[in-house]
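Heads up, model.csv below (CSV, N, CA, C and O atoms):
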chain,number,residue,atom,x,y,z
A,1,MET,N,89.0,81.1,85.6
A,1,MET,CA,89.9,81.1,86.8
A,1,MET,C,89.0,81.0,88.0
A,1,MET,O,87.9,81.5,88.1
A,2,ASP,N,89.4,80.2,88.9
A,2,ASP,CA,88.7,79.9,90.2
A,2,ASP,C,88.9,81.1,91.1
A,2,ASP,O,90.0,81.3,91.6
A,3,THR,N,87.8,81.8,91.4
A,3,THR,CA,87.9,83.0,92.3
A,3,THR,C,87.4,82.6,93.7
A,3,THR,O,87.4,83.5,94.5
A,4,SER,N,87.1,81.3,93.9
A,4,SER,CA,86.7,81.0,95.3
A,4,SER,C,87.9,80.9,96.2
A,4,SER,O,87.7,81.0,97.4
A,5,GLN,N,89.1,80.7,95.7
A,5,GLN,CA,90.3,80.7,96.5
A,5,GLN,C,91.0,82.0,96.4
A,5,GLN,O,91.1,82.5,95.3
A,6,PRO,N,91.4,82.6,97.6
A,6,PRO,CA,92.0,83.9,97.5
A,6,PRO,C,93.4,83.8,96.9
A,6,PRO,O,94.1,82.8,96.9
A,7,ILE,N,93.8,84.9,96.3
A,7,ILE,CA,95.2,85.1,95.8
A,7,ILE,C,96.0,85.4,97.0
A,7,ILE,O,95.7,86.2,97.8
A,8,VAL,N,97.2,84.7,97.1
A,8,VAL,CA,98.1,85.0,98.2
A,8,VAL,C,99.4,85.5,97.7
A,8,VAL,O,100.1,85.0,96.9
A,9,LEU,N,99.7,86.7,98.3
A,9,LEU,CA,101.0,87.3,98.1
A,9,LEU,C,101.8,87.2,99.4
A,9,LEU,O,101.2,87.5,100.5
A,10,THR,N,103.0,86.9,99.4
A,10,THR,CA,103.8,86.8,100.6
A,10,THR,C,105.0,87.7,100.5
A,10,THR,O,105.8,87.6,99.5
A,11,LEU,N,105.1,88.6,101.4
A,11,LEU,CA,106.2,89.5,101.5
A,11,LEU,C,107.2,89.0,102.5
A,11,LEU,O,106.8,88.8,103.7
A,12,VAL,N,108.5,88.9,102.1
A,12,VAL,CA,109.5,88.3,103.0
A,12,VAL,C,110.7,89.2,103.1
A,12,VAL,O,111.1,89.9,102.1
A,13,GLY,N,111.3,89.3,104.2
A,13,GLY,CA,112.5,90.1,104.4
A,13,GLY,C,112.2,91.6,104.4
A,13,GLY,O,111.4,92.1,105.3
A,14,ARG,N,112.8,92.3,103.5
A,14,ARG,CA,112.7,93.8,103.5
A,14,ARG,C,112.2,94.2,102.1
A,14,ARG,O,112.8,93.8,101.1
A,15,VAL,N,111.1,95.0,102.1
A,15,VAL,CA,110.7,95.5,100.8
A,15,VAL,C,111.4,96.8,100.4
A,15,VAL,O,111.8,97.5,101.2
A,16,THR,N,111.5,97.0,99.1
A,16,THR,CA,112.1,98.2,98.6
A,16,THR,C,111.2,98.8,97.5
A,16,THR,O,110.2,98.1,97.1
A,17,PRO,N,111.4,100.0,97.2
A,17,PRO,CA,110.5,100.6,96.2
A,17,PRO,C,110.5,99.9,94.8
A,17,PRO,O,109.6,99.8,94.1
A,18,ALA,N,111.6,99.2,94.6
A,18,ALA,CA,111.7,98.4,93.3
A,18,ALA,C,110.8,97.2,93.3
A,18,ALA,O,110.5,96.6,92.3
A,19,ASP,N,110.3,96.8,94.5
A,19,ASP,CA,109.4,95.6,94.6
A,19,ASP,C,108.0,96.0,94.2
A,19,ASP,O,107.2,95.1,93.8
A,20,VAL,N,107.6,97.2,94.3
A,20,VAL,CA,106.2,97.7,94.1
A,20,VAL,C,105.7,97.3,92.7
A,20,VAL,O,104.6,96.7,92.5
A,21,PRO,N,106.4,97.7,91.6
A,21,PRO,CA,105.9,97.3,90.3
A,21,PRO,C,105.7,95.8,90.1
A,21,PRO,O,104.7,95.4,89.5
A,22,ARG,N,106.6,95.0,90.6
A,22,ARG,CA,106.4,93.5,90.5
A,22,ARG,C,105.2,93.1,91.2
A,22,ARG,O,104.4,92.3,90.7
A,23,LEU,N,105.0,93.5,92.4
A,23,LEU,CA,103.9,93.1,93.2
A,23,LEU,C,102.6,93.6,92.6
A,23,LEU,O,101.6,92.8,92.6
A,24,CYS,N,102.5,94.8,92.1
A,24,CYS,CA,101.3,95.3,91.4
A,24,CYS,C,101.1,94.5,90.1
A,24,CYS,O,99.9,94.2,89.8
A,25,ALA,N,102.1,94.1,89.4
A,25,ALA,CA,102.0,93.3,88.2
A,25,ALA,C,101.4,91.9,88.6
A,25,ALA,O,100.5,91.4,87.8
A,26,GLU,N,101.8,91.3,89.7
A,26,GLU,CA,101.2,90.1,90.2
A,26,GLU,C,99.7,90.2,90.4
A,26,GLU,O,98.9,89.3,90.1
A,27,LEU,N,99.3,91.3,91.0
A,27,LEU,CA,97.9,91.6,91.2
A,27,LEU,C,97.2,91.7,89.9
A,27,LEU,O,96.1,91.2,89.7
A,28,ALA,N,97.8,92.4,88.9
A,28,ALA,CA,97.1,92.6,87.6
A,28,ALA,C,97.0,91.4,86.8
A,28,ALA,O,96.1,91.2,86.1
A,29,ASP,N,98.0,90.4,87.0
A,29,ASP,CA,97.9,89.2,86.3
A,29,ASP,C,96.9,88.2,86.9
A,29,ASP,O,96.5,87.2,86.2
A,30,ALA,N,96.5,88.4,88.1
A,30,ALA,CA,95.5,87.5,88.7
A,30,ALA,C,94.1,87.9,88.3
A,30,ALA,O,93.8,89.0,88.0
A,31,GLY,N,93.3,86.9,88.3
A,31,GLY,CA,91.9,87.2,88.1
A,31,GLY,C,91.2,87.9,89.2
A,31,GLY,O,91.9,88.1,90.3
A,32,PRO,N,90.0,88.3,89.1
A,32,PRO,CA,89.3,89.0,90.2
A,32,PRO,C,89.2,88.1,91.4
A,32,PRO,O,89.1,86.8,91.3
A,33,GLY,N,89.1,88.7,92.5
A,33,GLY,CA,88.9,87.9,93.8
A,33,GLY,C,89.6,88.5,94.9
A,33,GLY,O,90.2,89.6,94.8
A,34,ASP,N,89.5,87.9,96.0
A,34,ASP,CA,90.1,88.3,97.3
A,34,ASP,C,91.6,88.1,97.2
A,34,ASP,O,92.1,87.1,96.6
A,35,VAL,N,92.4,89.0,97.9
A,35,VAL,CA,93.8,88.8,98.0
A,35,VAL,C,94.2,88.8,99.5
A,35,VAL,O,93.7,89.7,100.2
A,36,ILE,N,95.0,87.9,99.8
A,36,ILE,CA,95.6,87.9,101.2
A,36,ILE,C,97.1,88.2,101.0
A,36,ILE,O,97.8,87.5,100.2
A,37,CYS,N,97.5,89.2,101.7
A,37,CYS,CA,99.0,89.5,101.6
A,37,CYS,C,99.6,89.2,103.0
A,37,CYS,O,99.3,89.8,104.0
A,38,GLU,N,100.4,88.1,103.0
A,38,GLU,CA,101.1,87.7,104.2
A,38,GLU,C,102.3,88.6,104.4
A,38,GLU,O,103.2,88.7,103.6
A,39,ILE,N,102.3,89.3,105.5
A,39,ILE,CA,103.4,90.2,105.8
A,39,ILE,C,104.1,89.9,107.1
A,39,ILE,O,104.9,90.6,107.6
A,40,GLY,N,103.8,88.7,107.7
A,40,GLY,CA,104.4,88.3,108.9
A,40,GLY,C,105.9,88.0,108.8
A,40,GLY,O,106.6,88.1,109.8
A,41,ALA,N,106.4,87.8,107.6
A,41,ALA,CA,107.8,87.5,107.4
A,41,ALA,C,108.7,88.7,107.1
A,41,ALA,O,109.8,88.6,106.8
A,42,LEU,N,108.0,89.9,107.1
A,42,LEU,CA,108.8,91.1,106.9
A,42,LEU,C,109.7,91.3,108.1
A,42,LEU,O,109.3,91.2,109.2
A,43,THR,N,111.0,91.6,107.8
A,43,THR,CA,112.0,91.8,108.8
A,43,THR,C,112.2,93.2,109.2
A,43,THR,O,112.9,93.4,110.2
A,44,HIS,N,111.7,94.1,108.5
A,44,HIS,CA,112.0,95.5,108.8
A,44,HIS,C,110.8,96.4,108.5
A,44,HIS,O,110.2,96.3,107.4
A,45,ALA,N,110.3,97.1,109.4
A,45,ALA,CA,109.2,98.0,109.3
A,45,ALA,C,109.7,99.5,109.2
A,45,ALA,O,110.2,100.0,110.1
A,46,ASP,N,109.5,100.1,108.0
A,46,ASP,CA,109.9,101.5,107.9
A,46,ASP,C,108.9,102.1,106.9
A,46,ASP,O,107.9,101.5,106.5
A,47,LEU,N,109.1,103.4,106.6
A,47,LEU,CA,108.2,104.1,105.7
A,47,LEU,C,108.1,103.5,104.3
A,47,LEU,O,107.1,103.6,103.6
A,48,THR,N,109.1,102.8,103.9
A,48,THR,CA,109.1,102.1,102.6
A,48,THR,C,108.1,101.0,102.7
A,48,THR,O,107.3,100.7,101.7
A,49,THR,N,108.1,100.3,103.8
A,49,THR,CA,107.1,99.2,104.0
A,49,THR,C,105.7,99.8,104.0
A,49,THR,O,104.8,99.2,103.3
A,50,VAL,N,105.5,100.8,104.7
A,50,VAL,CA,104.2,101.5,104.7
A,50,VAL,C,103.7,101.9,103.3
A,50,VAL,O,102.6,101.7,102.9
A,51,ASP,N,104.6,102.5,102.6
A,51,ASP,CA,104.3,103.0,101.2
A,51,ASP,C,104.0,101.8,100.3
A,51,ASP,O,103.0,101.8,99.5
A,52,THR,N,104.7,100.7,100.4
A,52,THR,CA,104.4,99.5,99.6
A,52,THR,C,103.1,99.0,99.9
A,52,THR,O,102.3,98.6,99.0
A,53,LEU,N,102.7,98.8,101.2
A,53,LEU,CA,101.4,98.3,101.6
A,53,LEU,C,100.3,99.2,101.1
A,53,LEU,O,99.2,98.8,100.6
A,54,ALA,N,100.5,100.5,101.2
A,54,ALA,CA,99.5,101.5,100.7
A,54,ALA,C,99.3,101.4,99.2
A,54,ALA,O,98.2,101.4,98.7
A,55,ARG,N,100.4,101.3,98.5
A,55,ARG,CA,100.3,101.1,97.0
A,55,ARG,C,99.7,99.8,96.6
A,55,ARG,O,98.9,99.8,95.6
A,56,LEU,N,99.9,98.8,97.3
A,56,LEU,CA,99.3,97.5,97.0
A,56,LEU,C,97.8,97.6,97.3
A,56,LEU,O,97.0,97.1,96.5
A,57,ARG,N,97.4,98.3,98.3
A,57,ARG,CA,95.9,98.4,98.6
A,57,ARG,C,95.3,99.3,97.5
A,57,ARG,O,94.2,98.9,97.0
A,58,LEU,N,95.9,100.3,97.0
A,58,LEU,CA,95.4,101.1,95.9
A,58,LEU,C,95.3,100.3,94.6
A,58,LEU,O,94.3,100.4,93.9
A,59,ALA,N,96.4,99.6,94.3
A,59,ALA,CA,96.4,98.8,93.1
A,59,ALA,C,95.3,97.7,93.1
A,59,ALA,O,94.6,97.5,92.2
A,60,ALA,N,95.2,97.1,94.3
A,60,ALA,CA,94.2,96.0,94.4
A,60,ALA,C,92.8,96.6,94.2
A,60,ALA,O,91.9,96.0,93.5
A,61,GLY,N,92.5,97.7,94.8
A,61,GLY,CA,91.2,98.4,94.6
A,61,GLY,C,90.9,98.7,93.2
A,61,GLY,O,89.8,98.5,92.7
A,62,ARG,N,91.9,99.3,92.5
A,62,ARG,CA,91.7,99.6,91.1
A,62,ARG,C,91.4,98.4,90.2
A,62,ARG,O,90.8,98.5,89.2
A,63,LEU,N,92.0,97.3,90.7
A,63,LEU,CA,91.8,96.0,89.9
A,63,LEU,C,90.6,95.2,90.3
A,63,LEU,O,90.3,94.1,89.8
A,64,GLY,N,89.8,95.7,91.3
A,64,GLY,CA,88.6,95.0,91.7
A,64,GLY,C,88.9,94.0,92.8
A,64,GLY,O,88.0,93.1,93.0
A,65,HIS,N,90.1,94.0,93.4
A,65,HIS,CA,90.4,93.0,94.4
A,65,HIS,C,90.1,93.6,95.8
A,65,HIS,O,90.1,94.8,96.0
A,66,ARG,N,89.7,92.7,96.7
A,66,ARG,CA,89.6,93.1,98.1
A,66,ARG,C,90.9,92.5,98.8
A,66,ARG,O,91.0,91.3,98.8
A,67,ILE,N,91.7,93.4,99.3
A,67,ILE,CA,93.0,92.9,99.9
A,67,ILE,C,93.0,92.9,101.4
A,67,ILE,O,92.4,93.9,102.0
A,68,THR,N,93.5,91.9,102.0
A,68,THR,CA,93.7,91.8,103.5
A,68,THR,C,95.1,91.5,103.8
A,68,THR,O,95.8,90.7,103.2
A,69,PHE,N,95.7,92.3,104.7
A,69,PHE,CA,97.1,92.1,105.1
A,69,PHE,C,97.0,91.3,106.4
A,69,PHE,O,96.3,91.6,107.3
A,70,ARG,N,97.8,90.3,106.4
A,70,ARG,CA,97.8,89.3,107.5
A,70,ARG,C,99.2,89.1,108.1
A,70,ARG,O,100.2,88.9,107.4
A,71,GLY,N,99.3,89.1,109.5
A,71,GLY,CA,100.5,88.8,110.2
A,71,GLY,C,101.4,89.9,110.5
A,71,GLY,O,102.6,89.7,110.8
A,72,ALA,N,100.9,91.2,110.5
A,72,ALA,CA,101.7,92.3,110.8
A,72,ALA,C,102.3,92.3,112.2
A,72,ALA,O,101.5,92.0,113.2
A,73,GLY,N,103.6,92.5,112.4
A,73,GLY,CA,104.2,92.5,113.7
A,73,GLY,C,103.9,93.8,114.4
A,73,GLY,O,103.3,94.8,113.9
A,74,THR,N,104.2,93.9,115.7
A,74,THR,CA,103.9,95.0,116.5
A,74,THR,C,104.6,96.3,116.0
A,74,THR,O,103.9,97.3,115.9
A,75,GLU,N,105.8,96.2,115.6
A,75,GLU,CA,106.5,97.4,115.0
A,75,GLU,C,105.8,98.0,113.8
A,75,GLU,O,105.6,99.2,113.8
A,76,LEU,N,105.4,97.2,112.9
A,76,LEU,CA,104.7,97.6,111.7
A,76,LEU,C,103.3,98.2,112.1
A,76,LEU,O,102.9,99.2,111.6
A,77,ARG,N,102.6,97.5,113.0
A,77,ARG,CA,101.3,98.0,113.4
A,77,ARG,C,101.4,99.4,114.1
A,77,ARG,O,100.6,100.3,113.8
A,78,LEU,N,102.4,99.6,114.9
A,78,LEU,CA,102.6,100.9,115.5
A,78,LEU,C,103.0,102.0,114.5
A,78,LEU,O,102.5,103.1,114.6
A,79,LEU,N,103.8,101.6,113.5
A,79,LEU,CA,104.1,102.6,112.5
A,79,LEU,C,102.9,102.9,111.6
A,79,LEU,O,102.7,104.1,111.3
A,80,LEU,N,102.1,102.0,111.3
A,80,LEU,CA,100.9,102.2,110.5
A,80,LEU,C,99.9,103.1,111.3
A,80,LEU,O,99.3,104.0,110.7
A,81,ASP,N,99.8,102.9,112.6
A,81,ASP,CA,99.0,103.7,113.4
A,81,ASP,C,99.5,105.1,113.4
A,81,ASP,O,98.8,106.1,113.4
A,82,LEU,N,100.8,105.3,113.5
A,82,LEU,CA,101.5,106.6,113.6
A,82,LEU,C,101.2,107.4,112.4
A,82,LEU,O,100.9,108.6,112.4
A,83,VAL,N,101.2,106.8,111.2
A,83,VAL,CA,100.9,107.5,109.9
A,83,VAL,C,99.5,107.5,109.5
A,83,VAL,O,99.1,108.0,108.4
A,84,GLY,N,98.6,107.0,110.4
A,84,GLY,CA,97.2,107.1,110.1
A,84,GLY,C,96.6,106.0,109.2
A,84,GLY,O,95.6,106.1,108.6
A,85,LEU,N,97.4,104.9,109.1
A,85,LEU,CA,96.9,103.8,108.2
A,85,LEU,C,96.7,102.5,109.0
A,85,LEU,O,96.9,101.4,108.4
A,86,ALA,N,96.3,102.6,110.2
A,86,ALA,CA,96.1,101.4,111.0
A,86,ALA,C,95.1,100.5,110.4
A,86,ALA,O,95.1,99.3,110.7
A,87,ASP,N,94.2,101.1,109.7
A,87,ASP,CA,93.1,100.2,109.1
A,87,ASP,C,93.6,99.3,108.0
A,87,ASP,O,92.9,98.4,107.5
A,88,LEU,N,94.9,99.4,107.6
A,88,LEU,CA,95.4,98.5,106.6
A,88,LEU,C,95.5,97.1,107.1
A,88,LEU,O,95.4,96.1,106.4
A,89,VAL,N,95.8,96.9,108.4
A,89,VAL,CA,96.0,95.6,109.0
A,89,VAL,C,94.9,95.3,110.1
A,89,VAL,O,94.4,96.1,110.7
Re-express the file's structure as C-alpha cells.
Amino acid sequence: MDTSQPIVLTLVGRVTPADVPRLCAELADAGPGDVICEIGALTHADLTTVDTLARLRLAAGRLGHRITFRGAGTELRLLLDLVGLADLV
C-alpha cells in the first residue's frame, strides 16, 4: 500500500454515535500512514461531534496513524476549546 498519500476521511452533515464504529473500521482497514479528517462539511457541532473526533483520534493513535482534523468551523472550535480539546484541530 502506498503510504506517501494520506488517508482522507470526510465527515458530512451530522455525526451520530452509530457512525463511530464505521469510521474506526475505515481507519483499521487502511494501511499505516497519515490521516486527514475533513470536518468542514459538518453541519452541527455538539458533544456527540466532540466525542466522535476524540474517539477517532484515539483509534488512529492505536492503529499507528497520525490524524489531522481539517476545516473545523468556529462553533466546533469553540466547543472543543470549552471541553479542553482545542488541540484536536
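The interatomic distance for the pair atom CA of A:Ala72 and atom O of A:Thr52 works out to 13.4 Å.
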Exercise. How many Å separate atom O of A:Ile67 from atom C of A:Gly13?
Worked result: 20.1 Å
Exercise. Hey, which of A:Val83, A:Leu88, A:Leu76, A:Leu27 ends up closest to A:Ala60? Count all atoms listed in the file.
Worked result: A:Leu27
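The coordinates place atom CA of A:Thr43 at 28.5 Å from atom N of A:Gly64.
When the distance limit is 7 Å and all atoms listed in the file are what count, the residues near stretch 31-41 of chain A, minus those fewer than 4 positions from it on the same chain, are Met1, Asp2, Thr3, Ser4, Gln5, Pro6, Ile7, Val8, Leu9, Thr10, Leu11, Val12, Gly13, Arg14, Glu26, Leu27, Ala60, Leu63, Gly64, His65, Arg66, Ile67, Thr68, Phe69, Arg70, Gly71, Ala72 and Gly73 of chain A.
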Once you have the residues from the selection above, write them out as a compact mmCIF listing (two decimals), keeping the file's coordinate frame, restricted to N, CA, C and O atoms.
# COMPACT_ATOMS: atom_id res chain seq x y z
N MET A 1 89.00 81.10 85.60
CA MET A 1 89.90 81.10 86.80
C MET A 1 89.00 81.00 88.00
O MET A 1 87.90 81.50 88.10
N ASP A 2 89.40 80.20 88.90
CA ASP A 2 88.70 79.90 90.20
C ASP A 2 88.90 81.10 91.10
O ASP A 2 90.00 81.30 91.60
N THR A 3 87.80 81.80 91.40
CA THR A 3 87.90 83.00 92.30
C THR A 3 87.40 82.60 93.70
O THR A 3 87.40 83.50 94.50
N SER A 4 87.10 81.30 93.90
CA SER A 4 86.70 81.00 95.30
C SER A 4 87.90 80.90 96.20
O SER A 4 87.70 81.00 97.40
N GLN A 5 89.10 80.70 95.70
CA GLN A 5 90.30 80.70 96.50
C GLN A 5 91.00 82.00 96.40
O GLN A 5 91.10 82.50 95.30
N PRO A 6 91.40 82.60 97.60
CA PRO A 6 92.00 83.90 97.50
C PRO A 6 93.40 83.80 96.90
O PRO A 6 94.10 82.80 96.90
N ILE A 7 93.80 84.90 96.30
CA ILE A 7 95.20 85.10 95.80
C ILE A 7 96.00 85.40 97.00
O ILE A 7 95.70 86.20 97.80
N VAL A 8 97.20 84.70 97.10
CA VAL A 8 98.10 85.00 98.20
C VAL A 8 99.40 85.50 97.70
O VAL A 8 100.10 85.00 96.90
N LEU A 9 99.70 86.70 98.30
CA LEU A 9 101.00 87.30 98.10
C LEU A 9 101.80 87.20 99.40
O LEU A 9 101.20 87.50 100.50
N THR A 10 103.00 86.90 99.40
CA THR A 10 103.80 86.80 100.60
C THR A 10 105.00 87.70 100.50
O THR A 10 105.80 87.60 99.50
N LEU A 11 105.10 88.60 101.40
CA LEU A 11 106.20 89.50 101.50
C LEU A 11 107.20 89.00 102.50
O LEU A 11 106.80 88.80 103.70
N VAL A 12 108.50 88.90 102.10
CA VAL A 12 109.50 88.30 103.00
C VAL A 12 110.70 89.20 103.10
O VAL A 12 111.10 89.90 102.10
N GLY A 13 111.30 89.30 104.20
CA GLY A 13 112.50 90.10 104.40
C GLY A 13 112.20 91.60 104.40
O GLY A 13 111.40 92.10 105.30
N ARG A 14 112.80 92.30 103.50
CA ARG A 14 112.70 93.80 103.50
C ARG A 14 112.20 94.20 102.10
O ARG A 14 112.80 93.80 101.10
N GLU A 26 101.80 91.30 89.70
CA GLU A 26 101.20 90.10 90.20
C GLU A 26 99.70 90.20 90.40
O GLU A 26 98.90 89.30 90.10
N LEU A 27 99.30 91.30 91.00
CA LEU A 27 97.90 91.60 91.20
C LEU A 27 97.20 91.70 89.90
O LEU A 27 96.10 91.20 89.70
N ALA A 60 95.20 97.10 94.30
CA ALA A 60 94.20 96.00 94.40
C ALA A 60 92.80 96.60 94.20
O ALA A 60 91.90 96.00 93.50
N LEU A 63 92.00 97.30 90.70
CA LEU A 63 91.80 96.00 89.90
C LEU A 63 90.60 95.20 90.30
O LEU A 63 90.30 94.10 89.80
N GLY A 64 89.80 95.70 91.30
CA GLY A 64 88.60 95.00 91.70
C GLY A 64 88.90 94.00 92.80
O GLY A 64 88.00 93.10 93.00
N HIS A 65 90.10 94.00 93.40
CA HIS A 65 90.40 93.00 94.40
C HIS A 65 90.10 93.60 95.80
O HIS A 65 90.10 94.80 96.00
N ARG A 66 89.70 92.70 96.70
CA ARG A 66 89.60 93.10 98.10
C ARG A 66 90.90 92.50 98.80
O ARG A 66 91.00 91.30 98.80
N ILE A 67 91.70 93.40 99.30
CA ILE A 67 93.00 92.90 99.90
C ILE A 67 93.00 92.90 101.40
O ILE A 67 92.40 93.90 102.00
N THR A 68 93.50 91.90 102.00
CA THR A 68 93.70 91.80 103.50
C THR A 68 95.10 91.50 103.80
O THR A 68 95.80 90.70 103.20
N PHE A 69 95.70 92.30 104.70
CA PHE A 69 97.10 92.10 105.10
C PHE A 69 97.00 91.30 106.40
O PHE A 69 96.30 91.60 107.30
N ARG A 70 97.80 90.30 106.40
CA ARG A 70 97.80 89.30 107.50
C ARG A 70 99.20 89.10 108.10
O ARG A 70 100.20 88.90 107.40
N GLY A 71 99.30 89.10 109.50
CA GLY A 71 100.50 88.80 110.20
C GLY A 71 101.40 89.90 110.50
O GLY A 71 102.60 89.70 110.80
N ALA A 72 100.90 91.20 110.50
CA ALA A 72 101.70 92.30 110.80
C ALA A 72 102.30 92.30 112.20
O ALA A 72 101.50 92.00 113.20
N GLY A 73 103.60 92.50 112.40
CA GLY A 73 104.20 92.50 113.70
C GLY A 73 103.90 93.80 114.40
O GLY A 73 103.30 94.80 113.90
For this session: Would you please give, as a PyMOL selection string, all residues of chain A that DSSP assigns to helix (DSSP H, G or I) based on the backbone?
Result: chain A and resi 19-29+47-62+74-82+86-88
Excluding A:Thr16 and residues on its chain fewer than 3 positions from it, collect all residues at most 12 Å away from it, counting only C-alpha atoms, and give them as a short mmCIF file (atom, residue, chain, number, x, y, z; two decimals) with N, CA, C and O atoms, keeping the file's coordinate frame.
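Final output, saved to selection.cif:
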data_model
loop_
_atom_site.label_atom_id
_atom_site.label_comp_id
_atom_site.auth_asym_id
_atom_site.auth_seq_id
_atom_site.Cartn_x
_atom_site.Cartn_y
_atom_site.Cartn_z
N LEU A 11 105.10 88.60 101.40
CA LEU A 11 106.20 89.50 101.50
C LEU A 11 107.20 89.00 102.50
O LEU A 11 106.80 88.80 103.70
N VAL A 12 108.50 88.90 102.10
CA VAL A 12 109.50 88.30 103.00
C VAL A 12 110.70 89.20 103.10
O VAL A 12 111.10 89.90 102.10
N GLY A 13 111.30 89.30 104.20
CA GLY A 13 112.50 90.10 104.40
C GLY A 13 112.20 91.60 104.40
O GLY A 13 111.40 92.10 105.30
N ASP A 19 110.30 96.80 94.50
CA ASP A 19 109.40 95.60 94.60
C ASP A 19 108.00 96.00 94.20
O ASP A 19 107.20 95.10 93.80
N VAL A 20 107.60 97.20 94.30
CA VAL A 20 106.20 97.70 94.10
C VAL A 20 105.70 97.30 92.70
O VAL A 20 104.60 96.70 92.50
N PRO A 21 106.40 97.70 91.60
CA PRO A 21 105.90 97.30 90.30
C PRO A 21 105.70 95.80 90.10
O PRO A 21 104.70 95.40 89.50
N ARG A 22 106.60 95.00 90.60
CA ARG A 22 106.40 93.50 90.50
C ARG A 22 105.20 93.10 91.20
O ARG A 22 104.40 92.30 90.70
N LEU A 23 105.00 93.50 92.40
CA LEU A 23 103.90 93.10 93.20
C LEU A 23 102.60 93.60 92.60
O LEU A 23 101.60 92.80 92.60
N LEU A 42 108.00 89.90 107.10
CA LEU A 42 108.80 91.10 106.90
C LEU A 42 109.70 91.30 108.10
O LEU A 42 109.30 91.20 109.20
N HIS A 44 111.70 94.10 108.50
CA HIS A 44 112.00 95.50 108.80
C HIS A 44 110.80 96.40 108.50
O HIS A 44 110.20 96.30 107.40
N ALA A 45 110.30 97.10 109.40
CA ALA A 45 109.20 98.00 109.30
C ALA A 45 109.70 99.50 109.20
O ALA A 45 110.20 100.00 110.10
N ASP A 46 109.50 100.10 108.00
CA ASP A 46 109.90 101.50 107.90
C ASP A 46 108.90 102.10 106.90
O ASP A 46 107.90 101.50 106.50
N LEU A 47 109.10 103.40 106.60
CA LEU A 47 108.20 104.10 105.70
C LEU A 47 108.10 103.50 104.30
O LEU A 47 107.10 103.60 103.60
N THR A 48 109.10 102.80 103.90
CA THR A 48 109.10 102.10 102.60
C THR A 48 108.10 101.00 102.70
O THR A 48 107.30 100.70 101.70
N THR A 49 108.10 100.30 103.80
CA THR A 49 107.10 99.20 104.00
C THR A 49 105.70 99.80 104.00
O THR A 49 104.80 99.20 103.30
N VAL A 50 105.50 100.80 104.70
CA VAL A 50 104.20 101.50 104.70
C VAL A 50 103.70 101.90 103.30
O VAL A 50 102.60 101.70 102.90
N ASP A 51 104.60 102.50 102.60
CA ASP A 51 104.30 103.00 101.20
C ASP A 51 104.00 101.80 100.30
O ASP A 51 103.00 101.80 99.50
N THR A 52 104.70 100.70 100.40
CA THR A 52 104.40 99.50 99.60
C THR A 52 103.10 99.00 99.90
O THR A 52 102.30 98.60 99.00
N LEU A 53 102.70 98.80 101.20
CA LEU A 53 101.40 98.30 101.60
C LEU A 53 100.30 99.20 101.10
O LEU A 53 99.20 98.80 100.60
#
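On the backbone of this structure, DSSP gives strand (DSSP E) within chain A to Ile7, Val8, Leu9, Thr10, Leu11, Val12, Gly13, Asp34, Val35, Ile36, Cys37, Glu38, Ile39, Gly40, Ala41, Leu42, Arg66, Ile67, Thr68, Phe69 and Arg70 of chain A.
Closest approach to A:Ala59 from the set A:Ala18, A:Val89, A:Cys24, A:Gly84 is made by A:Cys24, with distances taken over all atoms listed in the file.
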